[in-house]
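**Q** Just so it is clear, I am handing over coords15.txt, which has compact mmCIF, C-alpha atoms.
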```txt
# COMPACT_ATOMS: atom_id res chain seq x y z
CA MET A 47 33.68 18.88 -43.65
CA ARG A 48 31.81 20.15 -40.60
CA VAL A 49 31.78 16.63 -39.18
CA PHE A 50 35.54 16.30 -39.52
CA GLY A 51 35.98 19.75 -38.01
CA LEU A 52 33.91 18.73 -35.00
CA PHE A 53 36.04 15.61 -34.68
CA LEU A 54 39.19 17.77 -34.54
CA VAL A 55 37.72 19.74 -31.64
CA VAL A 56 36.79 16.56 -29.76
CA LEU A 57 40.20 15.03 -30.44
CA THR A 58 42.08 18.13 -29.32
CA LEU A 59 40.19 18.17 -26.05
CA GLY A 60 40.92 14.48 -25.64
CA VAL A 61 44.67 14.93 -26.14
CA VAL A 62 44.77 17.83 -23.68
CA CYS A 63 42.87 15.85 -21.06
CA SER A 64 44.52 12.47 -21.66
CA SER A 65 47.17 12.89 -18.99
CA ALA A 66 44.61 13.91 -16.40
CA SER A 67 42.41 10.92 -17.18
CA THR A 68 45.14 8.30 -17.06
CA HIS A 69 43.95 6.91 -13.74
CA THR A 70 40.26 7.09 -14.50
CA GLY A 71 38.28 4.37 -16.21
CA SER A 72 38.62 4.20 -20.00
CA PRO A 73 35.99 2.70 -22.28
CA PRO A 74 36.74 -0.74 -23.72
CA PRO A 75 38.45 -0.69 -27.13
CA THR A 76 36.17 -0.97 -30.12
CA ASP A 77 36.52 -3.85 -32.59
CA PHE A 78 37.60 -1.30 -35.19
CA ILE A 79 40.50 -0.09 -33.04
CA LEU A 80 41.52 -3.63 -32.11
CA THR A 81 41.54 -4.67 -35.77
CA SER A 82 43.34 -1.52 -36.94
CA CYS A 83 46.02 -1.84 -34.27
CA LYS A 84 46.88 -5.35 -35.45
CA THR A 85 48.64 -3.71 -38.38
CA THR A 86 51.05 -1.90 -36.02
CA ARG A 87 54.26 -3.19 -34.51
CA TYR A 88 53.34 -2.21 -30.97
CA SER A 89 49.70 -3.23 -30.99
CA ASP A 90 49.14 -3.14 -27.22
CA LEU A 91 50.41 0.44 -27.06
CA CYS A 92 48.25 1.29 -30.05
CA VAL A 93 45.11 0.00 -28.37
CA ARG A 94 45.89 1.70 -25.04
CA SER A 95 46.60 5.08 -26.61
CA LEU A 96 43.63 5.15 -28.99
CA THR A 97 40.83 3.44 -27.06
CA ARG A 98 39.56 6.67 -25.55
CA TYR A 99 39.03 8.08 -29.05
CA GLY A 100 36.82 5.18 -30.18
CA PRO A 101 33.54 7.14 -30.02
CA ALA A 102 35.07 10.01 -31.99
CA VAL A 103 36.73 8.02 -34.77
CA HIS A 104 33.87 5.52 -35.26
CA ARG A 105 35.12 3.37 -38.17
CA SER A 106 37.11 6.00 -40.05
CA ARG A 107 40.69 5.04 -40.85
CA ARG A 108 41.46 8.67 -41.58
CA GLN A 109 40.21 9.90 -38.23
CA LEU A 110 42.02 7.08 -36.43
CA ALA A 111 45.26 7.97 -38.21
CA TYR A 112 44.73 11.63 -37.33
CA ALA A 113 44.21 10.72 -33.67
CA ALA A 114 47.42 8.69 -33.67
CA LEU A 115 49.32 11.47 -35.44
CA THR A 116 48.13 14.11 -32.98
CA ILE A 117 49.14 11.97 -30.02
CA CYS A 118 52.50 11.29 -31.65
CA ALA A 119 53.11 15.00 -32.24
CA ALA A 120 52.35 15.70 -28.57
CA ARG A 121 54.82 12.97 -27.59
CA ALA A 122 57.45 14.55 -29.82
CA ARG A 123 57.00 17.91 -28.11
CA SER A 124 57.24 16.44 -24.61
CA THR A 125 60.26 14.33 -25.54
CA SER A 126 62.02 17.26 -27.17
CA TYR A 127 61.31 19.40 -24.11
CA LEU A 128 62.74 16.74 -21.78
CA VAL A 129 65.87 16.30 -23.85
CA THR A 130 66.38 20.06 -24.07
CA GLN A 131 65.91 20.48 -20.32
CA MET A 132 68.32 17.66 -19.54
CA THR A 133 70.99 19.06 -21.84
CA SER A 134 70.49 22.66 -20.76
CA GLY A 135 73.81 24.11 -19.72
CA SER A 136 75.79 21.24 -21.25
CA ARG A 137 78.99 22.30 -22.91
CA PRO A 138 81.21 20.39 -25.31
CA SER A 139 83.83 18.45 -23.39
CA ARG A 140 86.10 15.46 -23.67
CA SER A 141 83.30 13.26 -22.39
CA THR A 142 82.01 10.81 -24.99
CA HIS A 143 78.58 11.29 -23.40
CA THR A 144 78.12 14.90 -24.39
CA GLY A 145 78.10 14.65 -28.18
CA PRO A 146 75.42 11.95 -28.58
CA VAL A 147 73.16 13.54 -25.98
CA LEU A 148 73.37 16.93 -27.67
CA ASP A 149 72.77 15.25 -31.04
CA CYS A 150 69.50 13.93 -29.62
CA THR A 151 68.45 17.49 -28.87
CA LYS A 152 68.68 18.33 -32.57
CA THR A 153 67.05 15.15 -33.85
CA MET A 154 64.09 15.49 -31.48
CA LYS A 155 63.55 19.09 -32.51
CA ASP A 156 63.58 17.92 -36.10
CA SER A 157 61.00 15.24 -35.24
CA THR A 158 58.76 17.81 -33.62
CA ASP A 159 58.91 20.04 -36.71
CA ARG A 160 58.20 17.15 -39.07
CA LEU A 161 55.17 15.97 -37.11
CA ARG A 162 53.83 19.51 -36.80
CA GLN A 163 53.95 19.73 -40.59
CA ALA A 164 52.27 16.33 -40.91
CA VAL A 165 49.37 17.39 -38.67
CA ARG A 166 48.85 20.54 -40.72
CA GLU A 167 48.94 18.56 -43.94
CA MET A 168 46.40 16.02 -42.75
CA ASN A 169 44.00 18.84 -41.90
CA ARG A 170 43.85 19.81 -45.57
CA MET A 171 44.03 16.50 -47.44
CA GLY A 172 40.69 16.81 -49.20
CA ARG A 173 38.68 13.96 -50.65
CA PRO A 174 40.34 10.52 -50.83
CA SER A 175 39.66 10.33 -54.56
CA SER A 176 41.42 13.62 -55.30
CA LYS A 177 44.98 14.06 -56.54
CA ARG A 178 45.59 16.46 -53.66
CA PHE A 179 44.83 13.67 -51.17
CA LYS A 180 47.47 11.38 -52.67
CA VAL A 181 50.12 14.11 -52.80
CA ARG A 182 49.53 15.19 -49.22
CA LEU A 183 49.36 11.63 -47.97
CA SER A 184 52.79 11.08 -49.51
CA ASN A 185 54.07 14.22 -47.74
CA ILE A 186 52.67 13.01 -44.41
CA GLN A 187 54.25 9.59 -44.83
CA ALA A 188 57.60 11.21 -45.59
CA TRP A 189 57.48 13.48 -42.53
CA VAL A 190 56.41 10.74 -40.12
CA SER A 191 58.99 8.38 -41.56
CA GLY A 192 61.58 11.13 -41.12
CA ALA A 193 60.57 11.57 -37.48
CA LEU A 194 61.03 7.83 -36.93
CA THR A 195 64.46 8.02 -38.55
CA ASP A 196 65.37 10.92 -36.24
CA ALA A 197 64.46 8.84 -33.19
CA THR A 198 66.42 5.85 -34.50
CA THR A 199 69.46 8.06 -35.12
CA CYS A 200 69.32 9.35 -31.56
CA LEU A 201 69.06 5.84 -30.11
CA GLN A 202 71.88 4.49 -32.25
CA SER A 203 74.11 7.36 -31.22
CA LEU A 204 73.42 6.74 -27.53
CA ASP A 205 73.84 2.96 -27.79
CA GLN A 206 77.09 3.13 -29.75
CA ASP A 207 78.84 6.08 -28.15
CA VAL A 208 77.60 6.25 -24.55
CA ILE A 209 78.85 3.14 -22.77
CA PRO A 210 77.88 2.74 -20.03
CA LEU A 211 74.83 5.00 -20.18
CA THR A 212 74.84 7.88 -17.75
CA ALA A 213 71.65 8.46 -15.77
CA ARG A 214 70.86 11.40 -18.03
CA ALA A 215 71.46 9.46 -21.23
CA ALA A 216 69.43 6.50 -19.92
CA ALA A 217 66.46 8.76 -19.12
CA ILE A 218 66.65 10.29 -22.59
CA ARG A 219 66.90 6.87 -24.20
CA LYS A 220 63.81 5.60 -22.39
CA LYS A 221 61.76 8.59 -23.52
CA VAL A 222 62.96 8.38 -27.11
CA VAL A 223 62.21 4.64 -27.26
CA GLU A 224 58.63 5.36 -26.18
CA PHE A 225 58.35 8.11 -28.78
CA SER A 226 59.71 5.84 -31.53
CA GLN A 227 57.07 3.23 -30.70
CA TYR A 228 54.27 5.78 -30.99
CA THR A 229 55.76 7.00 -34.27
CA SER A 230 56.06 3.49 -35.70
CA ASN A 231 52.40 2.82 -34.88
CA THR A 232 51.33 6.15 -36.35
CA LEU A 233 53.12 5.47 -39.61
CA ALA A 234 51.49 2.03 -39.88
CA LEU A 235 48.02 3.54 -39.44
CA ILE A 236 48.73 6.32 -41.92
CA ASN A 237 49.93 3.76 -44.48
CA GLN A 238 46.50 2.12 -44.21
CA LEU A 239 45.02 5.22 -45.84
CA GLU A 240 46.56 4.11 -49.12
CA LEU A 241 44.27 1.09 -49.07
CA ARG A 242 40.95 2.63 -48.07
CA ASN A 243 39.52 5.36 -45.82
```
So that I can check it, write out the structure of this file as structure tokens.
**A**
Amino acid sequence: MRVFGLFLVVLTLGVVCSSASTHTGSPPPTDFILTSCKTTRYSDLCVRSLTRYGPAVHRSRRQLAYAALTICAARARSTSYLVTQMTSGSRPSRSTHTGPVLDCTKTMKDSTDRLRQAVREMNRMGRPSSKRFKVRLSNIQAWVSGALTDATTCLQSLDQDVIPLTARAAAIRKKVVEFSQYTSNTLALINQLELRN
């Protein structure tokens, strides 16, 4: 338990510093990360985002999934903030652009809440052989899947109802697409915990 707690501290520091270290050299990806990321839809993104956590996760599927989930939750917060800022001051109008963009504000807030719950739940999963582990893993899968659905709903709304895309809607769409890719990868890695840890 102490080991996992230490890992959480290391991971938190890594997430906080990840933006600052973007232009500095990163260690090469470990074989474990390369192999694990093959199970994801966006494997290149998976490898790029998780490589720096290789020394911390070692060969633990649980710690790798936690790293991905923490990064994903941070992405949700930044995406939600961007969408909120870009819609700040928007008022309902006859424009077909307003409704879908404001809908994205709600769905991204929902995603942020779901992923926050998922992070909390993963912190208290217990032993893999316990009933508690299975129940909480199911909860985490449901919340992350829900966050992915939220992102998909936002994108579908923009693509169907905002034609052509305004500059604001296009910027939101780009950010939400990136978030959905992180979320898809995270869910794939979490699903691996059903197999072994």
**Q** When you look at Lys221 in chain A with a cut-off of 12 Å (counting all atoms listed in the file), what residues show up, excluding the ones that are within fewer than 2 positions of it in the same chain? I need them as a PyMOL selection string.
**A** chain A and resi 121-129+132+150+154+197+200-201+214-219+223-228
**Q** Could you tell me which of A:Thr195, A:Ser203, A:Asn185, A:Thr97 comes closest to Gln163 in chain A if we count only C-alpha atoms?
**A**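 When distances to Gln163 in chain A are compared using only C-alpha atoms, the smallest one comes from A:Asn185.
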**Q** Have a look at CA of Lys152 in chain A and CA of Thr199 in chain A and let me know their distance in Å, one decimal.
**A**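 Spanning CA of Lys152 in chain A to CA of Thr199 in chain A is a straight-line distance of 10.6 Å.
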**Q** With a distance cut-off of 9 Å and only C-alpha atoms, select the neighbouring residues of Leu110 in chain A, excluding the residue or stretch itself and same-chain residues fewer than 5 positions from it, and output the selection as a PyMOL selection string.
**A** chain A and resi 79+82+96+99-100+102-105+115+235-236
**Q** Pick out the closest residue to Leu194 in chain A from this set: A:Thr212, A:Ser176, A:Thr232, A:Thr133. Count only C-alpha atoms.
**A**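 Smallest distance to Leu194 in chain A is found for A:Thr232.
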**Q** Pick the closest to Asp90 in chain A from A:Asn231, A:Arg107, A:Cys118, A:Ala113: which is it, counting all atoms listed in the file?
**A**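 The closest residue to Asp90 in chain A is A:Asn231.
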**Q** What's the separation between CA of Ser95 in chain A and CA of Gln131 in chain A, in Å to one decimal place?
**A**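 Result for CA of Ser95 in chain A versus CA of Gln131 in chain A: 25.5 Å, one decimal.
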**Q** Taking into account all atoms listed in the file, which residue in the set A:Leu183, A:Asp196, A:Ala120, A:Arg173 is nearest to Ser157 in chain A?
**A** A:Asp196
**Q** Have a look at CA of Asp156 in chain A and CA of Ile186 in chain A and let me know their distance in Å, one decimal.
**A**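 Atom-to-atom, CA of Asp156 in chain A to CA of Ile186 in chain A, that is 14.6 Å.
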**Q** Using all atoms of range 163-167 of chain A listed in the file and a margin of 8 Å per side, can you give the axis-aligned box centre and edge lengths in Å to one decimal, as JSON?
**A**
```
{"center_x": 51.4, "center_y": 18.4, "center_z": -41.3, "size_x": 21.1, "size_y": 20.2, "size_z": 21.3}
```
**Q** In file coordinates, which residues lie within 10 Å of (47.3, 15.1, -42.4) using all atoms listed in the file, given as number ranges by chain?
**A** A: 108-109, 111-112, 115-116, 161-172, 179, 182-187, 236
**Q** Write to file, as a PDB file, keeping the file's coordinate frame, the residues of the selection just made, with C-alpha atoms.
**A**
```pdb
ATOM      1  CA  ARG A 108      41.460   8.670 -41.580  1.00  0.00           C
ATOM      2  CA  GLN A 109      40.210   9.900 -38.230  1.00  0.00           C
ATOM      3  CA  ALA A 111      45.260   7.970 -38.210  1.00  0.00           C
ATOM      4  CA  TYR A 112      44.730  11.630 -37.330  1.00  0.00           C
ATOM      5  CA  LEU A 115      49.320  11.470 -35.440  1.00  0.00           C
ATOM      6  CA  THR A 116      48.130  14.110 -32.980  1.00  0.00           C
ATOM      7  CA  LEU A 161      55.170  15.970 -37.110  1.00  0.00           C
ATOM      8  CA  ARG A 162      53.830  19.510 -36.800  1.00  0.00           C
ATOM      9  CA  GLN A 163      53.950  19.730 -40.590  1.00  0.00           C
ATOM     10  CA  ALA A 164      52.270  16.330 -40.910  1.00  0.00           C
ATOM     11  CA  VAL A 165      49.370  17.390 -38.670  1.00  0.00           C
ATOM     12  CA  ARG A 166      48.850  20.540 -40.720  1.00  0.00           C
ATOM     13  CA  GLU A 167      48.940  18.560 -43.940  1.00  0.00           C
ATOM     14  CA  MET A 168      46.400  16.020 -42.750  1.00  0.00           C
ATOM     15  CA  ASN A 169      44.000  18.840 -41.900  1.00  0.00           C
ATOM     16  CA  ARG A 170      43.850  19.810 -45.570  1.00  0.00           C
ATOM     17  CA  MET A 171      44.030  16.500 -47.440  1.00  0.00           C
ATOM     18  CA  GLY A 172      40.690  16.810 -49.200  1.00  0.00           C
ATOM     19  CA  PHE A 179      44.830  13.670 -51.170  1.00  0.00           C
ATOM     20  CA  ARG A 182      49.530  15.190 -49.220  1.00  0.00           C
ATOM     21  CA  LEU A 183      49.360  11.630 -47.970  1.00  0.00           C
ATOM     22  CA  SER A 184      52.790  11.080 -49.510  1.00  0.00           C
ATOM     23  CA  ASN A 185      54.070  14.220 -47.740  1.00  0.00           C
ATOM     24  CA  ILE A 186      52.670  13.010 -44.410  1.00  0.00           C
ATOM     25  CA  GLN A 187      54.250   9.590 -44.830  1.00  0.00           C
ATOM     26  CA  ILE A 236      48.730   6.320 -41.920  1.00  0.00           C
TER      27      ILE A 236
END
```
**Q** Which is closer to Thr130 in chain A than all the others in A:Cys92, A:Asn237, A:Asp149, A:Gln206, using only C-alpha atoms?
**A**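 Residue with the minimum atom-to-atom distance to Thr130 in chain A: A:Asp149.
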**Q** So, counting only C-alpha atoms, which residue among A:Ser191, A:Ser175, A:Thr153, A:Ser230 is closest to Ala114 in chain A?
**A**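 Using only C-alpha atoms, the shortest distance to Ala114 in chain A belongs to A:Ser230.
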**Q** Generate a file for range 206-242 of chain A, containing N, CA, C and O atoms, as a compact mmCIF listing (two decimals), in the first residue's frame.
**A**
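Below you can see out-v7.txt, which holds the result:
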```txt
# COMPACT_ATOMS: atom_id res chain seq x y z
N GLN A 206 -23.27 17.84 -36.84
CA GLN A 206 -24.58 17.79 -37.48
C GLN A 206 -25.26 19.14 -37.56
O GLN A 206 -25.98 19.42 -38.52
N ASP A 207 -25.04 19.97 -36.54
CA ASP A 207 -25.82 21.20 -36.42
C ASP A 207 -25.05 22.49 -36.70
O ASP A 207 -25.65 23.55 -36.85
N VAL A 208 -23.73 22.41 -36.78
CA VAL A 208 -22.93 23.62 -37.00
C VAL A 208 -22.22 23.47 -38.34
O VAL A 208 -21.12 22.94 -38.43
N ILE A 209 -22.87 23.92 -39.40
CA ILE A 209 -22.31 23.79 -40.74
C ILE A 209 -22.46 25.13 -41.46
O ILE A 209 -23.57 25.62 -41.65
N PRO A 210 -21.36 25.77 -41.88
CA PRO A 210 -19.98 25.33 -41.60
C PRO A 210 -19.59 25.68 -40.16
O PRO A 210 -20.25 26.50 -39.53
N LEU A 211 -18.52 25.07 -39.68
CA LEU A 211 -18.07 25.34 -38.32
C LEU A 211 -17.56 26.77 -38.20
O LEU A 211 -16.81 27.25 -39.04
N THR A 212 -17.99 27.44 -37.14
CA THR A 212 -17.42 28.74 -36.83
C THR A 212 -16.02 28.50 -36.27
O THR A 212 -15.66 27.38 -35.91
N ALA A 213 -15.24 29.56 -36.18
CA ALA A 213 -13.89 29.43 -35.62
C ALA A 213 -13.96 28.92 -34.18
O ALA A 213 -13.16 28.08 -33.75
N ARG A 214 -14.94 29.40 -33.44
CA ARG A 214 -15.10 28.97 -32.05
C ARG A 214 -15.46 27.49 -31.97
O ARG A 214 -14.86 26.73 -31.21
N ALA A 215 -16.42 27.08 -32.79
CA ALA A 215 -16.85 25.69 -32.78
C ALA A 215 -15.73 24.77 -33.25
O ALA A 215 -15.56 23.66 -32.73
N ALA A 216 -14.96 25.22 -34.23
CA ALA A 216 -13.84 24.41 -34.74
C ALA A 216 -12.78 24.20 -33.68
O ALA A 216 -12.21 23.11 -33.54
N ALA A 217 -12.50 25.25 -32.90
CA ALA A 217 -11.50 25.16 -31.83
C ALA A 217 -11.98 24.19 -30.75
O ALA A 217 -11.20 23.40 -30.22
N ILE A 218 -13.26 24.27 -30.43
CA ILE A 218 -13.83 23.37 -29.43
C ILE A 218 -13.78 21.93 -29.94
O ILE A 218 -13.40 21.02 -29.22
N ARG A 219 -14.14 21.75 -31.20
CA ARG A 219 -14.14 20.41 -31.78
C ARG A 219 -12.75 19.77 -31.72
O ARG A 219 -12.61 18.60 -31.36
N LYS A 220 -11.74 20.54 -32.07
CA LYS A 220 -10.37 20.02 -32.05
C LYS A 220 -9.98 19.55 -30.66
O LYS A 220 -9.40 18.47 -30.48
N LYS A 221 -10.31 20.35 -29.66
CA LYS A 221 -9.95 20.02 -28.28
C LYS A 221 -10.72 18.79 -27.80
O LYS A 221 -10.16 17.92 -27.11
N VAL A 222 -11.99 18.70 -28.16
CA VAL A 222 -12.80 17.57 -27.72
C VAL A 222 -12.36 16.28 -28.42
O VAL A 222 -12.37 15.20 -27.81
N VAL A 223 -11.95 16.38 -29.68
CA VAL A 223 -11.43 15.20 -30.38
C VAL A 223 -10.20 14.66 -29.66
O VAL A 223 -10.07 13.45 -29.44
N GLU A 224 -9.30 15.56 -29.28
CA GLU A 224 -8.10 15.14 -28.55
C GLU A 224 -8.48 14.47 -27.24
O GLU A 224 -7.93 13.42 -26.88
N PHE A 225 -9.42 15.07 -26.54
CA PHE A 225 -9.86 14.50 -25.27
C PHE A 225 -10.48 13.11 -25.47
O PHE A 225 -10.22 12.18 -24.69
N SER A 226 -11.29 12.96 -26.51
CA SER A 226 -11.93 11.67 -26.76
C SER A 226 -10.90 10.59 -27.06
O SER A 226 -11.10 9.42 -26.69
N GLN A 227 -9.80 10.95 -27.71
CA GLN A 227 -8.75 9.98 -27.99
C GLN A 227 -8.05 9.53 -26.71
O GLN A 227 -7.80 8.33 -26.52
N TYR A 228 -7.76 10.47 -25.83
CA TYR A 228 -7.19 10.12 -24.53
C TYR A 228 -8.14 9.22 -23.75
O TYR A 228 -7.71 8.24 -23.12
N THR A 229 -9.43 9.53 -23.80
CA THR A 229 -10.42 8.77 -23.05
C THR A 229 -10.57 7.36 -23.60
O THR A 229 -10.67 6.38 -22.83
N SER A 230 -10.56 7.23 -24.91
CA SER A 230 -10.64 5.91 -25.55
C SER A 230 -9.45 5.05 -25.12
O SER A 230 -9.63 3.87 -24.76
N ASN A 231 -8.26 5.62 -25.14
CA ASN A 231 -7.07 4.88 -24.73
C ASN A 231 -7.14 4.47 -23.26
O ASN A 231 -6.79 3.36 -22.88
N THR A 232 -7.60 5.41 -22.44
CA THR A 232 -7.71 5.14 -21.00
C THR A 232 -8.66 3.98 -20.73
O THR A 232 -8.36 3.09 -19.93
N LEU A 233 -9.79 3.98 -21.40
CA LEU A 233 -10.76 2.91 -21.21
C LEU A 233 -10.18 1.56 -21.63
O LEU A 233 -10.38 0.54 -20.94
N ALA A 234 -9.43 1.55 -22.72
CA ALA A 234 -8.81 0.29 -23.19
C ALA A 234 -7.82 -0.24 -22.15
O ALA A 234 -7.78 -1.46 -21.89
N LEU A 235 -7.04 0.63 -21.54
CA LEU A 235 -6.07 0.20 -20.54
C LEU A 235 -6.76 -0.25 -19.25
O LEU A 235 -6.31 -1.20 -18.60
N ILE A 236 -7.84 0.42 -18.89
CA ILE A 236 -8.59 0.02 -17.71
C ILE A 236 -9.24 -1.35 -17.93
O ILE A 236 -9.28 -2.19 -17.02
N ASN A 237 -9.73 -1.59 -19.13
CA ASN A 237 -10.36 -2.88 -19.44
C ASN A 237 -9.36 -4.02 -19.31
O ASN A 237 -9.76 -5.17 -19.04
N GLN A 238 -8.08 -3.73 -19.47
CA GLN A 238 -7.05 -4.76 -19.32
C GLN A 238 -6.96 -5.28 -17.88
O GLN A 238 -6.46 -6.37 -17.64
N LEU A 239 -7.45 -4.49 -16.94
CA LEU A 239 -7.40 -4.90 -15.53
C LEU A 239 -8.33 -6.07 -15.25
O LEU A 239 -8.17 -6.76 -14.24
N GLU A 240 -9.28 -6.31 -16.14
CA GLU A 240 -10.16 -7.47 -15.98
C GLU A 240 -9.41 -8.77 -16.25
O GLU A 240 -9.78 -9.83 -15.75
N LEU A 241 -8.33 -8.65 -17.03
CA LEU A 241 -7.59 -9.84 -17.43
C LEU A 241 -6.55 -10.21 -16.40
O LEU A 241 -6.47 -11.34 -15.93
N ARG A 242 -5.70 -9.22 -16.04
CA ARG A 242 -4.68 -9.44 -15.01
C ARG A 242 -4.14 -8.09 -14.59
O ARG A 242 -4.33 -7.09 -15.27
```
